[in-house]
file structure-v2.txt (compact mmCIF, C-alpha atoms)
# COMPACT_ATOMS: atom_id res chain seq x y z
CA MET L 846 96.59 56.59 -5.80
CA ASN L 847 95.88 59.92 -4.17
CA SER L 848 95.36 62.09 -7.25
CA LYS L 849 91.89 63.54 -7.64
CA ILE L 850 89.73 63.16 -10.70
CA ARG L 851 89.59 66.51 -12.46
CA CYS L 852 86.07 67.12 -13.73
CA ILE L 853 83.77 69.73 -15.27
CA ALA L 854 79.99 70.15 -15.16
CA VAL L 855 78.20 71.08 -18.39
CA ASP L 856 74.52 72.10 -18.24
CA ASP L 857 72.65 74.95 -19.89
CA GLU L 858 70.47 75.43 -16.79
CA LEU L 859 71.91 77.32 -13.81
CA LEU L 860 70.12 75.05 -11.33
CA GLY L 861 71.56 71.97 -13.03
CA ARG L 862 75.09 73.36 -12.78
CA LYS L 863 74.61 74.31 -9.12
CA LEU L 864 73.34 70.83 -8.20
CA LEU L 865 76.25 69.17 -9.96
CA GLU L 866 78.68 71.56 -8.30
CA GLU L 867 77.22 70.78 -4.88
CA ASN L 868 77.33 67.02 -5.41
CA ILE L 869 80.89 67.12 -6.72
CA SER L 870 82.02 69.16 -3.71
CA GLN L 871 80.82 66.41 -1.36
CA LEU L 872 83.00 63.70 -2.90
CA PRO L 873 86.65 64.13 -1.84
CA PHE L 874 88.07 62.23 -4.84
CA LEU L 875 86.54 64.73 -7.31
CA GLU L 876 88.05 68.12 -8.18
CA LEU L 877 85.77 70.56 -9.99
CA VAL L 878 87.84 72.47 -12.55
CA GLY L 879 84.94 74.51 -13.90
CA THR L 880 81.31 74.70 -15.00
CA CYS L 881 80.01 75.41 -18.51
CA LYS L 882 76.59 76.48 -19.75
CA ASN L 883 77.00 75.04 -23.25
CA ALA L 884 79.12 72.70 -25.37
CA PHE L 885 81.25 75.52 -26.78
CA GLU L 886 82.42 76.64 -23.34
CA ALA L 887 83.18 72.98 -22.57
CA ILE L 888 85.28 72.65 -25.74
CA GLU L 889 87.35 75.68 -24.75
CA LEU L 890 87.91 74.32 -21.24
CA LEU L 891 88.79 70.85 -22.53
CA GLN L 892 91.40 72.41 -24.80
CA THR L 893 93.08 74.39 -22.04
CA GLU L 894 92.76 72.08 -19.02
CA LYS L 895 93.48 68.44 -18.30
CA ILE L 896 90.01 66.98 -17.68
CA ASP L 897 89.43 63.37 -16.62
CA LEU L 898 85.64 63.37 -16.25
CA VAL L 899 82.74 65.36 -17.70
CA PHE L 900 79.26 65.51 -16.17
CA LEU L 901 77.38 66.32 -19.34
CA ASP L 902 73.83 67.42 -20.10
CA ILE L 903 72.46 66.31 -23.49
CA GLN L 904 69.77 68.75 -24.60
CA MET L 905 71.60 72.07 -24.91
CA PRO L 906 71.25 74.92 -27.43
CA GLY L 907 73.80 75.05 -30.24
CA MET L 908 75.29 71.59 -29.76
CA THR L 909 73.96 68.59 -27.88
CA GLY L 910 76.02 66.66 -25.38
CA THR L 911 76.11 63.61 -27.64
CA LYS L 912 77.44 65.68 -30.56
CA LEU L 913 80.06 67.19 -28.27
CA LEU L 914 81.24 63.74 -27.22
CA GLU L 915 81.29 62.49 -30.80
CA SER L 916 83.46 65.46 -31.82
CA MET L 917 86.18 64.73 -29.28
CA VAL L 918 89.32 63.08 -30.62
CA THR L 919 90.65 62.27 -27.17
CA LYS L 920 87.69 61.46 -24.95
CA PRO L 921 87.61 61.88 -21.18
CA MET L 922 85.24 59.80 -19.09
CA VAL L 923 81.66 61.06 -19.46
CA ILE L 924 78.60 60.73 -17.25
CA PHE L 925 75.44 61.96 -18.94
CA VAL L 926 73.00 63.86 -16.71
CA THR L 927 69.74 64.43 -18.55
CA ALA L 928 65.98 64.66 -18.27
CA TYR L 929 65.49 62.63 -21.45
CA GLU L 930 65.65 58.84 -21.48
CA GLN L 931 65.55 58.42 -25.28
CA TYR L 932 69.31 58.95 -25.59
CA ALA L 933 70.18 55.88 -23.48
CA VAL L 934 70.91 53.59 -26.44
CA GLU L 935 73.00 56.22 -28.20
CA SER L 936 74.97 56.85 -25.02
CA TYR L 937 75.76 53.15 -24.75
CA ASP L 938 77.31 53.31 -28.22
CA LEU L 939 79.39 56.27 -27.03
CA GLN L 940 80.74 54.21 -24.10
CA VAL L 941 79.84 56.65 -21.36
CA VAL L 942 80.48 55.67 -17.76
CA ASP L 943 76.85 56.15 -16.69
CA TYR L 944 73.53 57.70 -17.64
CA LEU L 945 71.77 59.70 -14.92
CA MET L 946 68.15 60.78 -15.17
CA LYS L 947 67.14 64.11 -13.62
CA PRO L 948 66.32 64.68 -10.85
CA VAL L 949 69.41 62.82 -9.64
CA SER L 950 69.62 61.73 -6.02
CA PHE L 951 72.97 62.14 -4.30
CA GLU L 952 73.07 58.38 -3.76
CA ARG L 953 72.71 57.71 -7.49
CA PHE L 954 75.23 60.45 -8.30
CA THR L 955 77.73 58.88 -5.89
CA LYS L 956 77.27 55.46 -7.46
CA ALA L 957 78.10 56.86 -10.90
CA ALA L 958 81.09 58.79 -9.56
CA MET L 959 82.43 55.69 -7.81
CA LYS L 960 82.20 53.81 -11.10
CA ALA L 961 84.25 56.56 -12.74
CA ARG L 962 86.78 56.39 -9.91
CA GLU L 963 87.24 52.65 -10.43
CA LEU L 964 87.70 53.15 -14.16
CA TYR L 965 90.18 55.96 -13.49
CA ARG L 966 92.10 53.80 -11.02
CA LEU L 967 92.33 50.97 -13.53
CA SER L 968 93.58 53.27 -16.28
CA LYS L 969 96.27 54.67 -14.00
CA SER L 970 97.27 51.41 -12.30
CA GLU L 971 100.94 50.58 -12.35
CA GLY L 972 102.43 47.49 -13.92
CA THR L 973 102.50 46.07 -17.42
CA ASN L 974 100.02 43.81 -19.11
CA GLU L 975 102.42 40.91 -18.59
CA GLU L 976 102.09 41.33 -14.82
CA GLN L 977 98.32 41.73 -14.73
CA THR L 978 96.00 38.74 -14.71
CA TYR L 979 92.73 40.46 -15.60
CA MET L 980 91.09 43.41 -17.30
CA PHE L 981 87.84 45.32 -16.99
CA VAL L 982 85.50 45.99 -19.92
CA ASN L 983 82.44 48.20 -20.14
CA VAL L 984 79.23 46.18 -20.55
CA GLU L 985 75.92 48.08 -20.44
CA TYR L 986 77.12 50.77 -18.00
CA SER L 987 78.90 48.22 -15.77
CA LEU L 988 82.60 47.44 -15.47
CA VAL L 989 82.95 43.69 -15.83
CA LYS L 990 86.11 41.91 -14.67
CA ILE L 991 87.51 39.25 -17.01
CA ASN L 992 90.41 37.02 -15.98
CA PHE L 993 92.82 36.43 -18.85
CA TYR L 994 92.99 32.68 -18.22
CA GLN L 995 89.22 32.40 -18.77
CA ILE L 996 89.36 33.90 -22.28
CA THR L 997 89.42 31.34 -25.11
CA HIS L 998 89.32 33.75 -28.03
CA ILE L 999 88.08 37.17 -29.10
CA GLU L 1000 86.18 38.10 -32.25
CA GLY L 1001 86.09 41.57 -33.77
CA LEU L 1002 82.84 42.95 -35.21
CA LYS L 1003 83.56 46.46 -36.50
CA ASP L 1004 83.04 48.71 -33.43
CA TYR L 1005 82.25 45.81 -31.09
CA ILE L 1006 84.07 42.71 -29.93
CA LYS L 1007 82.90 39.35 -28.60
CA ILE L 1008 84.99 37.93 -25.76
CA TYR L 1009 84.51 34.17 -25.40
CA VAL L 1010 85.16 32.92 -21.86
CA THR L 1011 85.09 29.49 -20.29
CA ASN L 1012 82.67 30.38 -17.50
CA ALA L 1013 79.85 31.86 -19.61
CA VAL L 1014 77.30 30.38 -22.02
CA HIS L 1015 77.33 33.46 -24.24
CA PRO L 1016 80.27 35.69 -25.21
CA ILE L 1017 80.69 39.07 -23.56
CA LEU L 1018 79.85 41.90 -25.95
CA THR L 1019 81.58 45.24 -25.47
CA LYS L 1020 82.16 48.30 -27.64
CA SER L 1021 85.82 48.32 -28.62
CA THR L 1022 88.14 47.60 -31.50
CA LEU L 1023 90.20 44.43 -31.71
CA LYS L 1024 93.35 46.56 -31.69
CA GLY L 1025 92.19 48.35 -28.55
CA ILE L 1026 91.54 45.13 -26.66
CA GLU L 1027 94.75 43.57 -27.97
CA GLU L 1028 96.75 46.27 -26.19
CA LYS L 1029 95.26 45.19 -22.87
CA LEU L 1030 96.20 41.53 -23.27
CA PRO L 1031 99.52 39.88 -22.30
CA SER L 1032 101.33 39.45 -25.61
CA LYS L 1033 103.01 36.20 -24.59
CA LYS L 1034 99.65 34.46 -24.13
CA PHE L 1035 97.46 35.98 -26.83
CA LEU L 1036 98.00 36.24 -30.57
CA ARG L 1037 96.12 37.86 -33.45
CA VAL L 1038 95.72 35.02 -35.94
CA GLN L 1039 93.43 36.71 -38.40
CA LYS L 1040 92.01 40.17 -39.07
CA SER L 1041 89.00 39.48 -36.84
CA PHE L 1042 90.34 36.99 -34.28
CA ILE L 1043 92.66 36.84 -31.27
CA VAL L 1044 93.24 33.50 -29.53
CA ASN L 1045 94.50 32.44 -26.13
CA LEU L 1046 97.47 30.23 -27.05
CA GLU L 1047 96.95 28.05 -23.96
CA LYS L 1048 93.40 27.18 -25.09
CA ILE L 1049 94.35 25.85 -28.53
CA GLU L 1050 93.44 22.16 -28.89
CA SER L 1051 94.54 21.58 -32.47
CA ILE L 1052 95.61 23.32 -35.68
CA ARG L 1053 94.69 21.91 -39.06
CA ASN L 1054 94.37 23.41 -42.53
CA HIS L 1055 94.85 26.96 -41.23
CA ARG L 1056 92.09 26.51 -38.64
CA ILE L 1057 92.42 26.48 -34.86
CA THR L 1058 90.08 24.31 -32.80
CA ILE L 1059 89.08 25.54 -29.34
CA GLY L 1060 86.19 23.51 -27.94
CA LYS L 1061 83.29 23.74 -30.39
CA TYR L 1062 84.81 26.71 -32.22
CA GLU L 1063 87.02 26.79 -35.30
CA ILE L 1064 89.04 29.97 -35.79
CA PRO L 1065 90.63 30.75 -39.17
CA VAL L 1066 94.33 31.58 -39.38
CA SER L 1067 95.52 33.88 -42.15
CA ASP L 1068 98.55 32.94 -44.26
CA SER L 1069 100.45 35.97 -42.98
CA ASN L 1070 99.91 34.98 -39.33
CA MET L 1071 100.56 31.24 -39.63
CA GLU L 1072 104.31 31.54 -39.13
CA SER L 1073 103.83 33.75 -36.05
CA LEU L 1074 101.41 31.19 -34.64
CA LEU L 1075 103.87 28.32 -35.10
CA GLU L 1076 106.59 30.36 -33.44
CA ALA L 1077 104.30 31.27 -30.56
CA ILE L 1078 103.52 27.62 -29.79
CA ASN L 1079 107.21 26.68 -30.18
CA TYR L 1080 106.59 24.36 -33.09
CA ASN L 1081 109.68 23.32 -35.01
CA LYS L 1082 109.15 21.83 -38.44
call {"tool": "encode", "arguments": {"input": "structure-v2.txt", "output": "C-alpha cells"}}
result
Amino acid sequence: MNSKIRCIAVDDELLGRKLLEENISQLPFLELVGTCKNAFEAIELLQTEKIDLVFLDIQMPGMTGTKLLESMVTKPMVIFVTAYEQYAVESYDLQVVDYLMKPVSFERFTKAAMKARELYRLSKSEGTNEEQTYMFVNVEYSLVKINFYQITHIEGLKDYIKIYVTNAVHPILTKSTLKGIEEKLPSKKFLRVQKSFIVNLEKIESIRNHRITIGKYEIPVSDSNMESLLEAINYNK
C-alpha cells in the first residue's frame, strides 16, 4: 500500500506546530495537509479534507483536544501531544493511538507514527473477514494481535469487551462494542448467542438448558438465538 497517511497538526503554540511539522516532514509515509492553532480551525479542516491522522494538543483555549475528539462523529486516528500527563487515563478511554509527552524526541514521535501506520495498513488491508485469520485490538496504547482460532468467546461490557483466549490466563480487555468486534470476526465461525456474548462455534463443548459450556465457562443462550445456534452447528432435531 503506497498511499500516504494524510494528517494535520493541532497546537495553540507556534513552536509546537513547527516541531510537529518538521517531524512529519521527515517521515515519508506521512502527508501534512495543514496545521491549526485551535480546535475550531481543526474542525473546519476536518470537514473539508479527508484526514486520516491528527496530532493533537490537549490544553488549548476555547476547546480542549479531548473535547474536540469527543465531538467527532467519524473519528480519524489521533495521537495526543501534550505537556500534561493527567489526561492519560481519559485518552485511553478515547482510544487514541498514542500519548506523547512534550518535549517529544524524534525517536518517540517516529514510534507513535509507525503505530499509526500499522493501524492504517490494517484498516485498509484487502480481503474479507472470512479470508483473514487474525485481528488487531488496541490494548493500553499497543496493537495486540489475536488469532481467531485462539478465541473461545467474547463478553460485552458496555463500552468495553473481554476477549477470552486459550493462551492467556486473563481475558484481553479492549474498548469496543460487541457489534464493532463482531464485524471483524468470520461469521461462519463466530455467533452472537446472547446480547452480551459471542462464541467461537469450534470451541463449544456442550449445550444444555440454553447454556453453552466452554472449558470452565458457561455462556447463556437467549431464546431468540437458540435456533440460529442449532443451525450453525448443523444440528438436526
call {"tool": "residues_around", "arguments": {"input": "structure-v2.txt", "residues": "Glu1027 (chain L)", "least_positions_apart": "3", "cutoff": "12 Å", "atoms": "only C-alpha atoms", "output": "VMD selection string"}}
result
chain L and resid 974 980 993 998 to 1001 1006 1008 1021 to 1024 1030 to 1038 1040 to 1045
call {"tool": "residues_around", "arguments": {"input": "structure-v2.txt", "residues": "region 919-934 of chain L", "least_positions_apart": "4", "cutoff": "9 Å", "atoms": "only C-alpha atoms", "output": "ChimeraX atom specification"}}
result
/L:856,896-904,910-911,914-915,938-949,957-958,961,964-965
call {"tool": "write_last_selection", "arguments": {"input": "structure-v2.txt", "atoms": "C-alpha atoms", "output": "PDB file, in the coordinates of the input"}}
result
ATOM      1  CA  ASP L 856      74.520  72.100 -18.240  1.00  0.00           C
ATOM      2  CA  ILE L 896      90.010  66.980 -17.680  1.00  0.00           C
ATOM      3  CA  ASP L 897      89.430  63.370 -16.620  1.00  0.00           C
ATOM      4  CA  LEU L 898      85.640  63.370 -16.250  1.00  0.00           C
ATOM      5  CA  VAL L 899      82.740  65.360 -17.700  1.00  0.00           C
ATOM      6  CA  PHE L 900      79.260  65.510 -16.170  1.00  0.00           C
ATOM      7  CA  LEU L 901      77.380  66.320 -19.340  1.00  0.00           C
ATOM      8  CA  ASP L 902      73.830  67.420 -20.100  1.00  0.00           C
ATOM      9  CA  ILE L 903      72.460  66.310 -23.490  1.00  0.00           C
ATOM     10  CA  GLN L 904      69.770  68.750 -24.600  1.00  0.00           C
ATOM     11  CA  GLY L 910      76.020  66.660 -25.380  1.00  0.00           C
ATOM     12  CA  THR L 911      76.110  63.610 -27.640  1.00  0.00           C
ATOM     13  CA  LEU L 914      81.240  63.740 -27.220  1.00  0.00           C
ATOM     14  CA  GLU L 915      81.290  62.490 -30.800  1.00  0.00           C
ATOM     15  CA  ASP L 938      77.310  53.310 -28.220  1.00  0.00           C
ATOM     16  CA  LEU L 939      79.390  56.270 -27.030  1.00  0.00           C
ATOM     17  CA  GLN L 940      80.740  54.210 -24.100  1.00  0.00           C
ATOM     18  CA  VAL L 941      79.840  56.650 -21.360  1.00  0.00           C
ATOM     19  CA  VAL L 942      80.480  55.670 -17.760  1.00  0.00           C
ATOM     20  CA  ASP L 943      76.850  56.150 -16.690  1.00  0.00           C
ATOM     21  CA  TYR L 944      73.530  57.700 -17.640  1.00  0.00           C
ATOM     22  CA  LEU L 945      71.770  59.700 -14.920  1.00  0.00           C
ATOM     23  CA  MET L 946      68.150  60.780 -15.170  1.00  0.00           C
ATOM     24  CA  LYS L 947      67.140  64.110 -13.620  1.00  0.00           C
ATOM     25  CA  PRO L 948      66.320  64.680 -10.850  1.00  0.00           C
ATOM     26  CA  VAL L 949      69.410  62.820  -9.640  1.00  0.00           C
ATOM     27  CA  ALA L 957      78.100  56.860 -10.900  1.00  0.00           C
ATOM     28  CA  ALA L 958      81.090  58.790  -9.560  1.00  0.00           C
ATOM     29  CA  ALA L 961      84.250  56.560 -12.740  1.00  0.00           C
ATOM     30  CA  LEU L 964      87.700  53.150 -14.160  1.00  0.00           C
ATOM     31  CA  TYR L 965      90.180  55.960 -13.490  1.00  0.00           C
TER      32      TYR L 965
END
call {"tool": "closest_residue", "arguments": {"input": "structure-v2.txt", "among": "L:Ile1057, L:Leu913, L:Ile1026, L:Leu875", "to": "Lys1007 (chain L)", "atoms": "all atoms listed in the file"}}
result
L:Ile1026
call {"tool": "atom_distance", "arguments": {"input": "structure-v2.txt", "atom1": "CA of Lys969 (chain L)", "atom2": "CA of Lys849 (chain L)"}}
result
11.8 Å
call {"tool": "residues_around", "arguments": {"input": "structure-v2.txt", "residues": "region 881-887 of chain L", "least_positions_apart": "5", "cutoff": "9 Å", "atoms": "only C-alpha atoms", "output": "number ranges by chain"}}
result
L: 853-859, 862, 892, 901-902, 905-910, 912-913
call {"tool": "residues_near_point", "arguments": {"input": "structure-v2.txt", "point": "(102.5, 24.0, -30.9)", "cutoff": "9 Å", "atoms": "only C-alpha atoms", "output": "short mmCIF file (atom, residue, chain, number, x, y, z; two decimals) with C-alpha atoms, keeping the file's coordinate frame"}}
result
data_model
loop_
_atom_site.label_atom_id
_atom_site.label_comp_id
_atom_site.auth_asym_id
_atom_site.auth_seq_id
_atom_site.Cartn_x
_atom_site.Cartn_y
_atom_site.Cartn_z
CA LEU L 1046 97.47 30.23 -27.05
CA ILE L 1049 94.35 25.85 -28.53
CA SER L 1051 94.54 21.58 -32.47
CA ILE L 1052 95.61 23.32 -35.68
CA LEU L 1074 101.41 31.19 -34.64
CA LEU L 1075 103.87 28.32 -35.10
CA GLU L 1076 106.59 30.36 -33.44
CA ALA L 1077 104.30 31.27 -30.56
CA ILE L 1078 103.52 27.62 -29.79
CA ASN L 1079 107.21 26.68 -30.18
CA TYR L 1080 106.59 24.36 -33.09
CA ASN L 1081 109.68 23.32 -35.01
#
call {"tool": "atom_distance", "arguments": {"input": "structure-v2.txt", "atom1": "CA of Ile991 (chain L)", "atom2": "CA of Gly1060 (chain L)"}}
result
19.2 Å
call {"tool": "closest_residue", "arguments": {"input": "structure-v2.txt", "among": "L:Gly861, L:Arg1056, L:Arg851, L:Tyr979", "to": "Gly879 (chain L)", "atoms": "all atoms listed in the file"}}
result
L:Arg851
call {"tool": "residues_around", "arguments": {"input": "structure-v2.txt", "residues": "Ser987 (chain L)", "least_positions_apart": "2", "cutoff": "9 Å", "atoms": "only C-alpha atoms", "output": "list in words"}}
result
Val942, Asp943, Lys960, Val982, Asn983, Val984, Glu985 and Val989 of chain L
call {"tool": "residues_around", "arguments": {"input": "structure-v2.txt", "residues": "Glu1050 (chain L)", "least_positions_apart": "2", "cutoff": "7 Å", "atoms": "all atoms listed in the file", "output": "PyMOL selection string"}}
result
chain L and resi 1048+1058-1059
call {"tool": "atom_distance", "arguments": {"input": "structure-v2.txt", "atom1": "CA of Asn868 (chain L)", "atom2": "CA of Thr955 (chain L)"}}
result
8.2 Å
call {"tool": "build_atoms", "arguments": {"input": "structure-v2.txt", "residues": "region 1017-1035 of chain L", "atoms": "N, CA, C and O atoms", "output": "mmCIF file, keeping the file's coordinate frame"}}
result
data_model
loop_
_atom_site.group_PDB
_atom_site.id
_atom_site.type_symbol
_atom_site.label_atom_id
_atom_site.label_comp_id
_atom_site.auth_asym_id
_atom_site.auth_seq_id
_atom_site.Cartn_x
_atom_site.Cartn_y
_atom_site.Cartn_z
ATOM 1 N N ILE L 1017 80.881 37.730 -24.109
ATOM 2 C CA ILE L 1017 80.690 39.070 -23.560
ATOM 3 C C ILE L 1017 80.848 40.070 -24.690
ATOM 4 O O ILE L 1017 81.864 40.075 -25.392
ATOM 5 N N LEU L 1018 79.840 40.908 -24.878
ATOM 6 C CA LEU L 1018 79.850 41.900 -25.950
ATOM 7 C C LEU L 1018 80.192 43.267 -25.376
ATOM 8 O O LEU L 1018 79.559 43.735 -24.426
ATOM 9 N N THR L 1019 81.197 43.908 -25.931
ATOM 10 C CA THR L 1019 81.580 45.240 -25.470
ATOM 11 C C THR L 1019 81.998 46.091 -26.659
ATOM 12 O O THR L 1019 82.470 45.567 -27.676
ATOM 13 N N LYS L 1020 81.799 47.387 -26.547
ATOM 14 C CA LYS L 1020 82.160 48.300 -27.640
ATOM 15 C C LYS L 1020 83.656 48.594 -27.563
ATOM 16 O O LYS L 1020 84.138 49.210 -26.612
ATOM 17 N N SER L 1021 84.374 48.128 -28.564
ATOM 18 C CA SER L 1021 85.820 48.320 -28.620
ATOM 19 C C SER L 1021 86.291 47.865 -29.991
ATOM 20 O O SER L 1021 85.532 47.268 -30.754
ATOM 21 N N THR L 1022 87.534 48.148 -30.295
ATOM 22 C CA THR L 1022 88.140 47.600 -31.500
ATOM 23 C C THR L 1022 89.033 46.430 -31.088
ATOM 24 O O THR L 1022 89.457 46.332 -29.931
ATOM 25 N N LEU L 1023 89.333 45.559 -32.029
ATOM 26 C CA LEU L 1023 90.200 44.430 -31.710
ATOM 27 C C LEU L 1023 91.599 44.926 -31.347
ATOM 28 O O LEU L 1023 92.240 44.377 -30.449
ATOM 29 N N LYS L 1024 92.043 45.987 -32.010
ATOM 30 C CA LYS L 1024 93.350 46.560 -31.690
ATOM 31 C C LYS L 1024 93.368 47.109 -30.274
ATOM 32 O O LYS L 1024 94.339 46.936 -29.532
ATOM 33 N N GLY L 1025 92.264 47.778 -29.888
ATOM 34 C CA GLY L 1025 92.190 48.350 -28.550
ATOM 35 C C GLY L 1025 92.251 47.306 -27.471
ATOM 36 O O GLY L 1025 92.930 47.474 -26.444
ATOM 37 N N ILE L 1026 91.551 46.185 -27.672
ATOM 38 C CA ILE L 1026 91.540 45.130 -26.660
ATOM 39 C C ILE L 1026 92.853 44.365 -26.678
ATOM 40 O O ILE L 1026 93.319 43.875 -25.644
ATOM 41 N N GLU L 1027 93.474 44.277 -27.845
ATOM 42 C CA GLU L 1027 94.750 43.570 -27.970
ATOM 43 C C GLU L 1027 95.824 44.221 -27.109
ATOM 44 O O GLU L 1027 96.683 43.537 -26.532
ATOM 45 N N GLU L 1028 95.767 45.542 -26.992
ATOM 46 C CA GLU L 1028 96.750 46.270 -26.190
ATOM 47 C C GLU L 1028 96.620 45.998 -24.699
ATOM 48 O O GLU L 1028 97.554 46.228 -23.937
ATOM 49 N N LYS L 1029 95.475 45.493 -24.281
ATOM 50 C CA LYS L 1029 95.260 45.190 -22.870
ATOM 51 C C LYS L 1029 95.686 43.769 -22.502
ATOM 52 O O LYS L 1029 95.782 43.428 -21.328
ATOM 53 N N LEU L 1030 95.920 42.940 -23.508
ATOM 54 C CA LEU L 1030 96.200 41.530 -23.270
ATOM 55 C C LEU L 1030 97.697 41.258 -23.159
ATOM 56 O O LEU L 1030 98.503 41.930 -23.803
ATOM 57 N N PRO L 1031 98.097 40.260 -22.366
ATOM 58 C CA PRO L 1031 99.520 39.880 -22.300
ATOM 59 C C PRO L 1031 99.954 39.258 -23.625
ATOM 60 O O PRO L 1031 99.396 38.256 -24.065
ATOM 61 N N SER L 1032 100.940 39.850 -24.261
ATOM 62 C CA SER L 1032 101.330 39.450 -25.610
ATOM 63 C C SER L 1032 101.920 38.048 -25.695
ATOM 64 O O SER L 1032 101.901 37.422 -26.753
ATOM 65 N N LYS L 1033 102.420 37.534 -24.578
ATOM 66 C CA LYS L 1033 103.010 36.200 -24.590
ATOM 67 C C LYS L 1033 101.947 35.096 -24.595
ATOM 68 O O LYS L 1033 102.253 33.950 -24.898
ATOM 69 N N LYS L 1034 100.705 35.460 -24.238
ATOM 70 C CA LYS L 1034 99.650 34.460 -24.130
ATOM 71 C C LYS L 1034 98.584 34.582 -25.208
ATOM 72 O O LYS L 1034 97.833 33.637 -25.446
ATOM 73 N N PHE L 1035 98.496 35.752 -25.835
ATOM 74 C CA PHE L 1035 97.460 35.980 -26.830
ATOM 75 C C PHE L 1035 98.088 36.378 -28.163
ATOM 76 O O PHE L 1035 99.099 37.076 -28.187
#
